[in-house]
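To keep things clear, I will list the structure first and then write my remarks on it.
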Amino acid sequence: MILSSLHDRSALATRFERDPAMHVMELGDLEDLLWPHTSWYTVSEDGPVALLYSVGDVPTLLGFTRPGQASALEDLAEALLPVLPRHFFGHLTGNAAKILESAYSVQPHGTLLRMALTEPDRADRYPAGPWQPAPLGRGDLPELLELFTQAYPGNWFDHRMLDTGQYVGVRQAGRLVAVAGVHVHSATYRVAAIGNVATHPRVRGQGAGGACVAELCRRLGKSVEHIGLNVRADNATAVRLYRRLGFSEVTEFTEASFTARPRP
């Protein structure tokens, strides 16, 4: 199979818009802010596309497809071996991660769910309780980073996402205690992926995080048609919350770190 590199944004958008719930991340990465950091690959005209996203110290490889095209994604993973970096992070459906084990040592980080907002009315009806979510901006960055240190250490956060205006948080006694934001947001392609949802340990179980996600969904609904997110499959509390907010499962995928094996 011949590996092809893709450079036409409109052609990529056409592919991904056939299944936006599955490809919400890829569609968002077509935006001008993120596009320069992306490389796109395929081995067939209508088959799966892999995205290598290079921001930060470790690139991320995304490869998503429905079960009916699982073997095609495995073929693509094998074709990618000569061009992949020495170390990368992967989000891959099916058995694509296993194909890469021939050349990489793999450190699994578990199974995640891709979920999509299919019943937005539920988010609209979610009770805010005593919480009053408000937009966050660049001026809130130091406090936001402090919250992530306390509530979500090791999370992936691109500071530039604050500039989308799609981060909201709630405060208690003047201190930021919960937040919900986006990994990608595209008014052009009408998609958003929620991320960096965090709640300070002292207010967990009190509805602060849910209030933030619900408010963010309402705000996002003004500019996008498809809202998605990733959540660990074993995080039963978070999965229940997202279902209550109107999200449903699209697929599950493997999250892992890949490091090239030494050549003999």
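Letters for chains follow the order of the structure tokens (A, B, ...), residue numbers begin at 1 for each chain, and ligand numbers begin at 1 in the order shown.
Once A:Gly28 and its same-chain neighbours fewer than 5 positions away are set aside, Ala13, His23, Leu33, Leu34, Trp35, His183, Val184, His185, Ser186, Ala187, Thr188, Tyr189, Arg190, Val191, Ala192 and Ala193 of chain A remain within 10 Å of it when counting only C-alpha atoms.
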Just the strand (DSSP E) stuff from stretch 128-226 of chain A, please, per backbone DSSP, written as a list in words. Ala134, Pro135, Val168, Gly169, Val170, Arg171, Gln172, Arg175, Leu176, Val177, Ala178, Val179, Ala180, Gly181, Val182, His183, Val184, His185, Ser186, Val191, Ala192, Ala193, Ile194, Gly195, Asn196, Val197, Ala198, Thr199 and His226 of chain A
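Nearest residue to A:Leu100 among A:Asp75, A:Ala70, A:Tyr126, A:Thr118 is A:Asp75, counting only C-alpha atoms.
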Self-check item: Long-range neighbours of stretch 230-239 of chain A as a PyMOL selection string, 12 Å cut-off, only C-alpha atoms, 4 positions minimum in chain
Solution: chain A and resi 21-25+91+109-117+182-183+192-199+204-205+207+209-210+213+243-255
For the residues selected in the previous step, produce a file with C-alpha atoms as a compact mmCIF listing (two decimals), in the first residue's frame.
```
# COMPACT_ATOMS: atom_id res chain seq x y z
CA ALA A 21 -19.73 12.70 15.75
CA MET A 22 -16.78 10.37 15.18
CA HIS A 23 -14.47 13.03 13.74
CA VAL A 24 -15.23 16.11 15.83
CA MET A 25 -11.55 16.48 16.79
CA HIS A 91 -5.76 7.72 20.28
CA HIS A 109 -3.28 4.41 29.41
CA GLY A 110 -6.67 2.74 29.25
CA THR A 111 -9.83 2.78 27.19
CA LEU A 112 -11.69 6.01 26.50
CA LEU A 113 -15.14 6.76 25.15
CA ARG A 114 -15.91 9.30 22.46
CA MET A 115 -19.31 10.76 23.32
CA ALA A 116 -21.54 13.17 21.39
CA LEU A 117 -24.27 15.52 22.56
CA VAL A 182 -12.72 23.06 24.75
CA HIS A 183 -9.91 21.23 23.02
CA ALA A 192 -16.52 21.62 19.25
CA ALA A 193 -14.82 19.11 21.54
CA ILE A 194 -15.22 19.74 25.27
CA GLY A 195 -12.16 19.20 27.43
CA ASN A 196 -10.29 20.25 30.56
CA VAL A 197 -13.33 19.68 32.78
CA ALA A 198 -12.05 19.93 36.34
CA THR A 199 -13.54 20.37 39.80
CA ARG A 204 -16.80 17.55 44.10
CA GLY A 205 -20.23 15.98 44.19
CA GLY A 207 -22.83 19.94 40.91
CA GLY A 209 -18.61 20.64 37.22
CA GLY A 210 -21.98 19.69 35.77
CA VAL A 213 -20.46 21.70 31.27
CA ARG A 243 -25.28 10.89 29.94
CA ARG A 244 -27.45 12.99 32.23
CA LEU A 245 -26.40 16.05 30.22
CA GLY A 246 -27.52 14.40 26.97
CA PHE A 247 -24.33 12.77 25.67
CA SER A 248 -24.26 9.26 24.23
CA GLU A 249 -21.44 6.93 23.22
CA VAL A 250 -20.04 7.06 19.69
CA THR A 251 -17.10 4.68 19.99
CA GLU A 252 -14.36 3.53 22.33
CA PHE A 253 -10.65 3.82 21.65
CA THR A 254 -7.25 2.99 23.06
CA GLU A 255 -5.11 5.69 24.63
```
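The nearest approach to A:Leu144 among the residues A:Ala208, A:Leu162, A:Ala97, A:Leu6, with only C-alpha atoms taken into account, belongs to A:Leu162.
Atom CA of A:Asp29 is found 24.3 Å from atom CA of A:Thr259.
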Per-residue DSSP, stretch 6-177 of chain A, filtered to alpha helix (DSSP H), as number ranges by chain: A: 9-16, 24-28, 70-80, 96-100, 120-125, 141-151
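Across the structure, atom CA of A:Pro201 and atom CA of A:Gln150 are spaced 7.8 Å apart.
For stretch 52-58 of chain A, the set of protein, DNA and RNA residues having any atom at most 8 Å away, when counting only C-alpha atoms and skipping those fewer than 4 positions along the same chain, is His37, Thr38, Ser39, Trp40, Leu62, His87, Phe88 and Phe89 of chain A.
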Shell around A:Thr65 at 10 Å using only C-alpha atoms, local window under 2 positions removed, as a PyMOL selection string | chain A and resi 19+22-23+47-50+63+67-73+92-94+251+253
Just the selected residues (C-alpha atoms), exported as a tab-separated table (two decimals), in the first residue's frame, please.
```
chain	number	residue	atom	x	y	z
A	19	ASP	CA	-19.46	11.23	10.34
A	22	MET	CA	-16.78	10.37	15.18
A	23	HIS	CA	-14.47	13.03	13.74
A	47	GLY	CA	-10.61	5.03	3.60
A	48	PRO	CA	-9.65	6.20	7.08
A	49	VAL	CA	-7.42	9.23	7.62
A	50	ALA	CA	-4.79	9.48	10.35
A	63	GLY	CA	-6.94	7.30	14.01
A	67	PRO	CA	-16.00	-1.09	13.07
A	68	GLY	CA	-16.74	-1.76	9.40
A	69	GLN	CA	-13.46	-0.08	8.42
A	70	ALA	CA	-11.33	-1.44	11.25
A	71	SER	CA	-9.12	-3.49	8.93
A	72	ALA	CA	-8.55	-0.45	6.71
A	73	LEU	CA	-7.31	1.52	9.73
A	92	LEU	CA	-6.73	4.78	18.08
A	93	THR	CA	-9.84	2.69	17.54
A	94	GLY	CA	-9.92	-1.06	16.98
A	251	THR	CA	-17.10	4.68	19.99
A	253	PHE	CA	-10.65	3.82	21.65
```
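Here atom CA of A:Ala103 and atom CA of A:Thr42 stand 19.3 Å from one another.
Considering only C-alpha atoms, the residue among A:Pro85, A:Thr60, A:Asp46, A:Ile2 positioned nearest to A:Thr14 is A:Asp46.
Distance annotation: of A:Leu81, A:Arg202, A:Leu12, A:Leu27, the residue with the minimal separation from A:Gln172 is A:Arg202; atom set is only C-alpha atoms.
Nearest residue to A:Pro130, choosing from A:Leu61, A:Asn155, A:Val203, A:Ala180 and counting only C-alpha atoms: A:Val203.
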